[in-house]
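Chemist: Provided below: protein.tsv, containing TSV, C-alpha atoms.
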```
chain	number	residue	atom	x	y	z
A	69	MET	CA	15.34	35.77	-93.65
A	70	GLY	CA	14.17	34.32	-90.32
A	71	THR	CA	11.11	32.17	-89.66
A	72	THR	CA	8.47	33.29	-87.15
A	73	THR	CA	5.76	31.04	-85.73
A	74	VAL	CA	2.91	32.27	-83.52
A	75	LEU	CA	1.15	29.69	-81.35
A	76	LYS	CA	-1.99	31.14	-79.76
A	77	ASN	CA	-4.10	30.25	-76.73
A	78	LEU	CA	-2.01	27.54	-75.15
A	79	SER	CA	-2.67	26.60	-71.54
A	80	ILE	CA	0.74	26.70	-69.83
A	81	SER	CA	0.78	25.88	-66.12
A	82	GLY	CA	-2.87	26.87	-65.91
A	83	GLU	CA	-2.50	30.23	-67.70
A	84	ILE	CA	-3.59	30.96	-71.28
A	85	ALA	CA	-0.71	32.39	-73.29
A	86	ASP	CA	0.57	32.90	-76.82
A	87	VAL	CA	4.05	31.70	-77.77
A	88	ILE	CA	6.13	33.45	-80.41
A	89	CYS	CA	9.00	31.47	-81.88
A	90	GLU	CA	11.72	32.89	-84.12
A	91	ASN	CA	14.18	30.60	-85.88
A	92	GLY	CA	13.24	27.74	-83.60
A	93	VAL	CA	13.66	29.64	-80.33
A	94	ILE	CA	10.94	31.06	-78.04
A	95	THR	CA	11.08	34.86	-78.02
A	96	SER	CA	7.82	35.66	-76.22
A	97	VAL	CA	5.34	33.97	-73.87
A	98	GLY	CA	2.26	36.10	-73.14
A	99	LYS	CA	-0.44	37.69	-75.25
A	100	THR	CA	-0.03	39.07	-78.73
A	101	SER	CA	-2.27	40.61	-81.38
A	102	LEU	CA	-0.41	38.73	-84.10
A	103	ALA	CA	-2.32	36.07	-85.99
A	104	GLY	CA	-1.19	32.48	-85.61
A	105	ILE	CA	-2.18	28.86	-85.01
A	106	ASP	CA	-5.00	28.82	-82.42
A	107	PHE	CA	-4.98	25.91	-79.98
A	108	GLY	CA	-8.16	26.96	-78.18
A	109	GLY	CA	-6.85	26.70	-74.63
A	110	LYS	CA	-5.41	23.19	-74.90
A	111	ARG	CA	-2.71	22.26	-72.38
A	112	ALA	CA	0.90	22.57	-73.48
A	113	TYR	CA	4.06	21.08	-72.03
A	114	PRO	CA	7.71	21.17	-73.11
A	115	GLY	CA	8.57	18.57	-75.73
A	116	LEU	CA	9.82	15.32	-74.23
A	117	VAL	CA	13.55	14.53	-74.09
A	118	ASP	CA	14.44	10.83	-74.15
A	119	ILE	CA	18.09	10.22	-73.25
A	120	HIS	CA	17.85	6.42	-73.30
A	121	THR	CA	15.97	4.79	-76.16
A	122	HIS	CA	16.88	2.08	-78.65
A	123	GLY	CA	14.04	2.38	-81.13
A	124	MET	CA	10.36	1.96	-81.92
A	125	GLY	CA	7.97	1.11	-84.73
A	126	GLY	CA	10.12	-1.69	-86.12
A	127	MET	CA	13.31	0.37	-86.18
A	128	ASP	CA	16.41	0.23	-83.99
A	129	THR	CA	19.31	2.61	-83.45
A	130	MET	CA	21.72	-0.08	-84.63
A	131	ASP	CA	20.02	-0.01	-88.06
A	132	ALA	CA	21.71	3.41	-88.47
A	133	GLU	CA	18.54	4.86	-90.06
A	134	ILE	CA	18.37	7.74	-87.60
A	135	VAL	CA	16.38	10.19	-89.76
A	136	SER	CA	13.52	7.71	-90.15
A	137	LEU	CA	13.61	7.04	-86.42
A	138	ALA	CA	13.45	10.77	-85.68
A	139	LYS	CA	10.15	11.03	-87.53
A	140	LEU	CA	8.66	8.22	-85.45
A	141	TYR	CA	9.79	9.81	-82.19
A	142	ALA	CA	8.25	13.16	-83.05
A	143	LYS	CA	4.88	11.56	-83.73
A	144	SER	CA	5.01	9.98	-80.26
A	145	GLY	CA	5.68	13.27	-78.43
A	146	THR	CA	9.44	12.94	-78.08
A	147	THR	CA	10.94	16.08	-79.61
A	148	SER	CA	14.58	15.39	-78.67
A	149	PHE	CA	16.31	12.06	-78.17
A	150	MET	CA	19.60	10.27	-77.77
A	151	PRO	CA	19.70	7.21	-80.06
A	152	THR	CA	21.10	4.53	-77.78
A	153	THR	CA	23.48	1.89	-79.09
A	154	MET	CA	23.82	-1.68	-77.86
A	155	THR	CA	26.99	-3.54	-76.94
A	156	ALA	CA	28.52	-4.24	-80.36
A	157	ASP	CA	31.79	-4.27	-82.27
A	158	LYS	CA	33.56	-0.96	-82.90
A	159	HIS	CA	32.66	-0.80	-86.60
A	160	SER	CA	28.93	-1.23	-85.94
A	161	ILE	CA	28.96	1.49	-83.30
A	162	GLN	CA	30.91	3.87	-85.54
A	163	LYS	CA	28.42	3.31	-88.37
A	164	VAL	CA	25.60	4.47	-86.12
A	165	LEU	CA	27.47	7.46	-84.69
A	166	GLU	CA	28.36	8.73	-88.16
A	167	ALA	CA	24.93	8.17	-89.74
A	168	GLU	CA	22.89	11.15	-91.01
A	169	SER	CA	20.81	12.36	-88.07
A	170	VAL	CA	19.42	15.79	-89.00
A	171	CYS	CA	15.70	15.58	-89.71
A	172	ALA	CA	13.70	18.67	-90.69
A	173	ASP	CA	10.34	17.11	-89.80
A	174	GLY	CA	11.28	14.90	-86.88
A	175	ALA	CA	12.75	14.87	-83.39
A	176	GLU	CA	16.17	16.41	-82.83
A	177	VAL	CA	19.15	14.20	-82.05
A	178	ILE	CA	21.04	15.69	-79.10
A	179	GLY	CA	23.91	13.20	-79.18
A	180	PHE	CA	24.23	9.43	-79.01
A	181	HIS	CA	24.15	7.28	-75.87
A	182	LEU	CA	26.57	4.35	-75.76
A	183	GLU	CA	25.00	1.73	-73.50
A	184	GLY	CA	27.98	-0.55	-73.50
A	185	PRO	CA	30.26	-2.13	-74.49
A	186	TYR	CA	32.07	-1.09	-71.28
A	187	ILE	CA	29.82	-3.04	-68.93
A	188	ASN	CA	30.06	-5.90	-66.44
A	189	ALA	CA	29.44	-9.25	-68.15
A	190	GLU	CA	27.86	-10.56	-64.94
A	191	LEU	CA	25.06	-7.98	-65.17
A	192	ILE	CA	24.64	-7.89	-68.90
A	193	GLY	CA	20.84	-7.81	-69.10
A	194	ALA	CA	19.80	-7.96	-72.76
A	195	GLN	CA	23.23	-6.94	-74.10
A	196	ASN	CA	25.36	-9.17	-76.33
A	197	PRO	CA	28.12	-10.87	-74.28
A	198	ASP	CA	30.27	-11.41	-77.38
A	199	HIS	CA	31.18	-7.72	-77.58
A	200	VAL	CA	31.64	-6.73	-73.92
A	201	ARG	CA	35.07	-5.20	-73.38
A	202	LEU	CA	37.02	-3.11	-70.90
A	203	PRO	CA	36.76	0.68	-71.08
A	204	ASP	CA	39.31	2.05	-73.53
A	205	TYR	CA	39.79	5.81	-73.61
A	206	SER	CA	41.54	5.76	-77.02
A	207	GLU	CA	38.50	4.00	-78.47
A	208	ILE	CA	36.09	6.44	-76.84
A	209	GLU	CA	38.15	9.41	-78.03
A	210	ALA	CA	37.89	8.20	-81.64
A	211	TYR	CA	34.09	8.07	-81.60
A	212	LYS	CA	32.05	11.04	-82.83
A	213	ASN	CA	28.80	12.61	-81.63
A	214	ILE	CA	28.70	10.88	-78.23
A	215	GLY	CA	26.57	12.60	-75.62
A	216	MET	CA	26.42	9.91	-72.92
A	217	ILE	CA	28.27	6.70	-72.10
A	218	THR	CA	27.11	3.97	-69.74
A	219	ILE	CA	30.10	2.46	-67.92
A	220	ALA	CA	30.55	-0.10	-65.13
A	221	PRO	CA	32.96	1.84	-62.85
A	222	GLU	CA	34.50	-1.24	-61.21
A	223	LEU	CA	36.14	-2.35	-64.48
A	224	ASP	CA	39.84	-1.83	-65.17
A	225	GLY	CA	40.34	1.52	-66.90
A	226	ALA	CA	36.87	2.77	-66.06
A	227	MET	CA	37.86	5.59	-63.72
A	228	GLU	CA	40.28	7.04	-66.29
A	229	CYS	CA	37.52	7.06	-68.91
A	230	ILE	CA	35.02	8.59	-66.49
A	231	LYS	CA	37.47	11.38	-65.73
A	232	LYS	CA	38.61	12.06	-69.31
A	233	ALA	CA	35.66	11.33	-71.59
A	234	ASN	CA	33.99	14.33	-73.21
A	235	ALA	CA	30.51	13.00	-72.50
A	236	VAL	CA	28.05	12.63	-69.65
A	237	ILE	CA	28.94	9.43	-67.80
A	238	SER	CA	26.18	7.20	-66.49
A	239	LEU	CA	26.83	4.15	-64.31
A	240	GLY	CA	25.07	0.95	-65.28
A	241	HIS	CA	25.21	-2.78	-65.97
A	242	THR	CA	27.47	-2.88	-62.97
A	243	ALA	CA	28.31	-4.70	-59.74
A	244	ALA	CA	29.74	-1.52	-58.21
A	245	ASP	CA	29.27	-0.99	-54.49
A	246	TYR	CA	28.56	2.24	-52.61
A	247	GLU	CA	32.22	3.24	-52.28
A	248	THR	CA	32.97	2.64	-55.96
A	249	GLY	CA	29.92	4.70	-56.88
A	250	LEU	CA	31.13	7.60	-54.76
A	251	GLN	CA	34.58	7.40	-56.34
A	252	ALA	CA	33.03	7.44	-59.82
A	253	ALA	CA	30.99	10.49	-58.87
A	254	LYS	CA	34.18	12.26	-57.76
A	255	MET	CA	35.71	11.41	-61.15
A	256	GLY	CA	32.73	13.06	-62.85
A	257	ALA	CA	29.96	10.47	-63.27
A	258	LYS	CA	26.58	12.21	-63.14
A	259	CYS	CA	23.90	9.61	-63.56
A	260	LEU	CA	22.66	6.04	-63.07
A	261	THR	CA	21.48	4.03	-66.07
A	262	HIS	CA	17.97	2.48	-65.70
A	263	THR	CA	18.19	2.65	-61.92
A	264	PHE	CA	17.83	-0.68	-60.05
A	265	ASN	CA	17.97	-2.65	-63.31
A	266	ALA	CA	21.29	-4.46	-63.92
A	267	MET	CA	22.87	-3.20	-60.68
A	268	LEU	CA	23.09	-4.29	-57.06
A	269	PRO	CA	19.99	-3.59	-54.94
A	270	ILE	CA	19.85	-1.48	-51.79
A	271	HIS	CA	20.71	-3.43	-48.63
A	272	HIS	CA	20.62	-1.86	-45.19
A	273	ARG	CA	24.36	-2.46	-44.75
A	274	MET	CA	25.28	-2.20	-48.43
A	275	PRO	CA	23.50	0.82	-49.96
A	276	GLY	CA	25.01	0.24	-53.40
A	277	LEU	CA	24.90	2.65	-56.31
A	278	VAL	CA	21.50	4.08	-55.44
A	279	GLY	CA	22.82	5.07	-52.01
A	280	ALA	CA	25.92	6.56	-53.63
A	281	ALA	CA	23.80	8.49	-56.14
A	282	LEU	CA	21.74	9.98	-53.31
A	283	ASP	CA	24.79	11.06	-51.30
A	284	ALA	CA	26.62	12.38	-54.39
A	285	ASP	CA	23.57	14.29	-55.72
A	286	MET	CA	23.53	12.35	-58.98
A	287	TYR	CA	20.71	11.99	-61.49
A	288	VAL	CA	18.82	8.71	-61.79
A	289	GLN	CA	17.27	7.34	-64.97
A	290	VAL	CA	14.02	5.44	-64.38
A	291	ILE	CA	12.13	3.18	-66.81
A	292	CYS	CA	8.58	4.13	-65.91
A	293	ASP	CA	6.67	1.32	-67.63
A	294	GLY	CA	5.49	-0.33	-64.41
A	295	ILE	CA	7.34	-3.52	-65.41
A	296	HIS	CA	11.03	-2.81	-64.93
A	297	ILE	CA	10.39	-1.10	-61.60
A	298	HIS	CA	7.41	-1.53	-59.27
A	299	PRO	CA	5.26	1.62	-58.95
A	300	ALA	CA	6.01	1.77	-55.20
A	301	VAL	CA	9.75	1.92	-55.95
A	302	ILE	CA	9.14	4.62	-58.55
A	303	ARG	CA	7.35	6.64	-55.86
A	304	MET	CA	10.25	5.96	-53.48
A	305	LEU	CA	12.80	7.26	-56.01
A	306	TYR	CA	10.66	10.33	-56.59
A	307	LYS	CA	10.60	11.07	-52.85
A	308	LEU	CA	14.35	10.50	-52.56
A	309	PHE	CA	15.59	12.35	-55.65
A	310	GLY	CA	12.72	14.65	-56.58
A	311	ALA	CA	11.76	16.01	-59.98
A	312	ASP	CA	15.10	17.87	-60.28
A	313	LYS	CA	17.22	14.69	-60.28
A	314	MET	CA	14.91	11.90	-61.46
A	315	VAL	CA	14.84	11.37	-65.23
A	316	LEU	CA	12.13	9.36	-66.92
A	317	ILE	CA	13.37	7.25	-69.83
A	318	SER	CA	11.61	4.86	-72.17
A	319	ASP	CA	14.49	2.42	-72.89
A	320	SER	CA	12.18	1.52	-75.79
A	321	MET	CA	13.07	-1.07	-78.41
A	322	ARG	CA	11.96	-1.73	-81.99
A	323	ALA	CA	8.86	-3.63	-80.77
A	324	THR	CA	7.40	-0.43	-79.32
A	325	GLY	CA	4.04	0.27	-80.92
A	326	LEU	CA	3.91	-3.17	-82.55
A	327	ASP	CA	2.23	-6.49	-81.75
A	328	ASP	CA	3.71	-9.27	-79.62
A	329	GLY	CA	6.30	-11.43	-81.35
A	330	ASN	CA	10.03	-11.94	-81.80
A	331	TYR	CA	12.26	-8.91	-82.39
A	332	ASP	CA	15.97	-8.27	-82.82
A	333	LEU	CA	17.77	-6.19	-80.19
A	334	GLY	CA	21.52	-5.78	-80.49
A	335	GLY	CA	21.85	-8.88	-82.62
A	336	GLN	CA	19.82	-11.06	-80.27
A	337	ILE	CA	16.21	-12.17	-80.50
A	338	MET	CA	13.81	-10.89	-77.84
A	339	THR	CA	10.34	-12.31	-77.34
A	340	VAL	CA	7.53	-9.86	-76.57
A	341	GLN	CA	4.48	-11.26	-74.80
A	342	GLY	CA	1.81	-8.99	-73.36
A	343	GLY	CA	4.02	-6.02	-74.19
A	344	VAL	CA	6.90	-7.38	-72.05
A	345	ALA	CA	10.20	-8.07	-73.84
A	346	ARG	CA	12.52	-10.82	-72.58
A	347	THR	CA	15.68	-12.58	-73.71
A	348	ALA	CA	15.75	-16.31	-74.43
A	349	ASP	CA	16.78	-16.98	-70.82
A	350	GLY	CA	13.95	-14.84	-69.42
A	351	ALA	CA	15.80	-11.63	-68.55
A	352	LEU	CA	13.92	-8.38	-69.06
A	353	ALA	CA	14.96	-6.51	-72.20
A	354	GLY	CA	14.07	-2.95	-73.19
A	355	SER	CA	10.56	-1.60	-72.78
A	356	THR	CA	7.78	-1.32	-75.35
A	357	SER	CA	6.58	2.04	-74.01
A	358	THR	CA	7.09	5.50	-75.48
A	359	LEU	CA	8.32	8.26	-73.19
A	360	PHE	CA	4.87	9.88	-73.34
A	361	GLU	CA	3.36	6.63	-72.09
A	362	CYS	CA	5.96	6.58	-69.30
A	363	VAL	CA	4.89	10.08	-68.25
A	364	LYS	CA	1.26	8.99	-68.14
A	365	ASN	CA	2.28	5.96	-66.06
A	366	ALA	CA	4.11	8.19	-63.59
A	367	ILE	CA	0.99	10.29	-63.15
A	368	ARG	CA	-1.10	7.14	-62.72
A	369	PHE	CA	1.39	5.91	-60.08
A	370	GLY	CA	0.80	9.07	-58.02
A	371	ILE	CA	3.42	11.58	-59.21
A	372	PRO	CA	2.01	15.10	-59.78
A	373	SER	CA	1.56	15.76	-63.51
A	374	GLU	CA	3.76	18.88	-63.63
A	375	ASP	CA	6.64	16.93	-62.08
A	376	ALA	CA	6.06	13.90	-64.30
A	377	PHE	CA	6.37	16.07	-67.43
A	378	LYS	CA	9.36	17.90	-65.94
A	379	MET	CA	11.22	14.63	-65.36
A	380	ALA	CA	10.82	13.85	-69.07
A	381	SER	CA	11.80	17.29	-70.37
A	382	GLU	CA	13.48	19.94	-68.21
A	383	THR	CA	15.41	17.51	-65.98
A	384	PRO	CA	17.05	15.44	-68.74
A	385	ALA	CA	17.74	18.67	-70.64
A	386	LYS	CA	19.59	20.07	-67.61
A	387	LEU	CA	21.56	16.85	-67.22
A	388	MET	CA	22.67	17.08	-70.85
A	389	GLY	CA	23.25	20.84	-70.74
A	390	ILE	CA	20.92	21.66	-73.62
A	391	ASN	CA	18.58	24.61	-74.14
A	392	LYS	CA	15.35	22.62	-74.01
A	393	GLY	CA	12.69	21.50	-71.57
A	394	LYS	CA	11.03	24.80	-70.63
A	395	LEU	CA	8.33	26.93	-72.23
A	396	ALA	CA	10.18	30.16	-71.60
A	397	VAL	CA	12.00	32.86	-73.56
A	398	GLY	CA	15.36	31.71	-74.86
A	399	PHE	CA	14.54	28.02	-74.95
A	400	ASP	CA	14.04	25.92	-78.07
A	401	CYS	CA	10.40	25.94	-79.18
A	402	ASP	CA	9.70	22.24	-78.58
A	403	ILE	CA	6.12	21.73	-77.39
A	404	ILE	CA	3.55	18.97	-77.02
A	405	VAL	CA	-0.15	19.87	-76.89
A	406	LEU	CA	-2.70	17.55	-75.28
A	407	ASP	CA	-6.36	17.12	-76.10
A	408	ASP	CA	-9.17	16.91	-73.53
A	409	LYS	CA	-8.52	13.17	-73.14
A	410	ASP	CA	-4.85	13.73	-72.23
A	411	GLU	CA	-3.66	12.31	-75.52
A	412	LEU	CA	-1.33	14.00	-78.01
A	413	ASP	CA	-3.03	16.68	-80.10
A	414	SER	CA	0.01	18.38	-81.66
A	415	VAL	CA	3.79	18.14	-81.58
A	416	ILE	CA	6.01	21.14	-82.31
A	417	VAL	CA	9.75	20.83	-82.92
A	418	ARG	CA	11.83	24.01	-83.09
A	419	GLY	CA	8.68	25.96	-83.98
A	420	THR	CA	7.53	23.58	-86.70
A	421	VAL	CA	4.20	21.80	-86.19
A	422	ILE	CA	4.78	18.12	-87.01
```
Re-express the file's structure as structure tokens.

Modeler:
Amino acid sequence: MGTTTVLKNLSISGEIADVICENGVITSVGKTSLAGIDFGGKRAYPGLVDIHTHGMGGMDTMDAEIVSLAKLYAKSGTTSFMPTTMTADKHSIQKVLEAESVCADGAEVIGFHLEGPYINAELIGAQNPDHVRLPDYSEIEAYKNIGMITIAPELDGAMECIKKANAVISLGHTAADYETGLQAAKMGAKCLTHTFNAMLPIHHRMPGLVGAALDADMYVQVICDGIHIHPAVIRMLYKLFGADKMVLISDSMRATGLDDGNYDLGGQIMTVQGGVARTADGALAGSTSTLFECVKNAIRFGIPSEDAFKMASETPAKLMGINKGKLAVGFDCDIIVLDDKDELDSVIVRGTVI
């Protein structure tokens, strides 16, 4: 027998509506006489979709405790996520990809994101140099549950993997130039990983990957914590790519939500001071912001609120080809409800109030 949930008096794009959900999917948005949970006109947005996140609350994807992580994400407003691995040995990555990931009272895992090991050692960021290796399609083919892979397209074997891999390919940790970026796009690459971080900058004679992404109509991931990218550059990317192609990500690490201190990330110790995580040599590591906090930052930086929420829900959902990110009939019933102070009031995953 199916499960029906009725969510009443939600403010959706300025209109008060009731949402009926059956078996986790929205079947009606409008008014109904059915009794249900009354939200009293509070604003509702699609649940947030984080396609690039390493952890939070003292936990990391590489711990392979995905169910526990899913519960933390749901409480922070992220209803779907891609646990993101670090550059590591094959066994450690396999352990994560094959870990239990279905959580009845947490965020939904929509696939795993491999950020490495197929990256350029010269632009390694906070990744572990001991495990960087060339792209290997036979290795990729053996992995399970991959949704996205970050690859440096200039590496030997990269173009073959971009063309053949059964996953969304994102370009990152790379020294690729404009022409290489365009070639990768022709092979099937769809996205840039944490745009501007760990890649060549835009130069007026060398437009680099960002120029290639613009000309090839690619998506761009953006860490919207105000630290990894200056707010003016975030506004620039928004004007260039728009809410349909710009994806907000958290790139959060285990220190997210915790005090300053030393934390492990991919087998290396990162030091967090003032909420900013850095490696021992001073390079920026992942962020300590949740995706909901990134959305609020985007709004504070001048991006219209509807677009800011869209870039953290509908746009990443479209990139990944999943039925999420819209409060409309036929979409998964993933919803966040805000209180009158713009903080989280309620989180709903597949029709279940968390």

Chemist: Excluding Glu168 of chain A and residues on its chain fewer than 3 positions from it, collect all residues at most 8 Å away from it, counting all atoms listed in the file, and give them as a ChimeraX atom specification.

Modeler: /A:133-135

Chemist: My list of candidates is A:Pro203, A:Gly104, A:Gly334, A:Pro221. Which is closest to Thr129 of chain A when distances are computed with only C-alpha atoms?

Modeler: A:Gly334

Chemist: Excluding Gly82 of chain A and any residue of its chain fewer than 3 positions from it, enumerate the residues within 10 Å of it, using all atoms listed in the file, and give them as an NGL selection string.

Modeler: :A and (78-79 or 85 or 109 or 111-112)

Chemist: Give the answer as one residue: which of A:Thr261, A:Ser96, A:Gly115, A:Val340 has the shortest atom-to-atom distance to Gly393 of chain A, using only C-alpha atoms?

Modeler: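 So, comparing all the options, the nearest one is A:Gly115.
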
Chemist: Give as a list of chain:residue names each residue that has an atom at most 8 Å from (22.4, 15.2, -80.5) in the file, counting all atoms listed in the file.

Modeler: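 Residues close enough to count: A:Phe149, A:Met150, A:Glu176, A:Val177, A:Ile178, A:Gly179, A:Phe180, A:Asn213, A:Ile214, A:Gly215.
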
Chemist: Nearest to Lys313 of chain A: which of A:Ala281, A:Leu116, A:Ala348, A:Ile80 is it, counting all atoms listed in the file?

Modeler: A:Ala281

Chemist: In Å, rounded to a single decimal, give me how far atom CA of Ala323 of chain A is from atom CA of Ile422 of chain A.

Modeler: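 For atom CA of Ile422 of chain A relative to atom CA of Ala323 of chain A, the distance reads 23.0 Å.
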
Chemist: Counting all atoms listed in the file, which of A:Lys163, A:Lys110, A:Lys99, A:His241 gets nearest to Val87 of chain A?

Modeler: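 Of the candidates, the smallest distance to Val87 of chain A is held by A:Lys99.
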
Chemist: So that I can see what lies close to segment 246-254 of chain A, please list as a count of residues only the residues with an atom at most 10 Å from it, counting all atoms listed in the file and leaving out residues fewer than 2 positions away in the same chain.

Modeler: 34

Chemist: For atom CA of Val415 of chain A and atom CA of Lys143 of chain A, determine how far apart the two atoms are, in Å to one decimal place.

Modeler: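 Separation between atom CA of Val415 of chain A and atom CA of Lys143 of chain A: 7.0 Å.
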
Chemist: When you look at Asp131 of chain A with a cut-off of 12 Å (counting only C-alpha atoms), what residues show up, excluding the ones that are within fewer than 3 positions of it in the same chain? I need them as a PyMOL selection string.

Modeler: chain A and resi 122-124+126-128+134-137+151-154+160-165+167-168+321-322+332-335

Chemist: Could you give me, as JSON, numbers by chain, the residues within 10 Å of Glu411 of chain A, counting only C-alpha atoms and dropping anything in the same chain fewer than 6 positions from it?

Modeler: {"A": [145, 360, 361, 364, 404, 405]}

Chemist: Of the candidates A:Gly419, A:Val301, A:His159, A:Pro114, which shows the shortest atom-to-atom distance to Ser81 of chain A, using all atoms listed in the file?

Modeler: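 Residue with the minimum atom-to-atom distance to Ser81 of chain A: A:Pro114.
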
Chemist: Between A:Met338, A:Leu305, A:Ala138, A:Val170, which is the closest to Ala366 of chain A once you count only C-alpha atoms?

Modeler: A:Leu305

Chemist: For the atom pair atom CA of Lys394 of chain A and atom CA of Glu382 of chain A, what is the interatomic distance in Å to one decimal place?

Modeler: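 One can read the atom CA of Lys394 of chain A to atom CA of Glu382 of chain A distance as 6.0 Å.
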
Chemist: List as CSV every residue of segment 178-223 of chain A that is in contact with segment 342-346 of chain A, defined as an atom at most 12 Å from one of its atoms (using only C-alpha atoms), together with the nearest atom pair and the distance in Å rounded to one decimal, sorted by chain and then rising number.

Modeler:
```
residue,atom,partner,partner_atom,distance
A:Gly193,CA,A:Arg346,CA,9.5
A:Ala194,CA,A:Arg346,CA,7.8
A:Gln195,CA,A:Arg346,CA,11.5
```
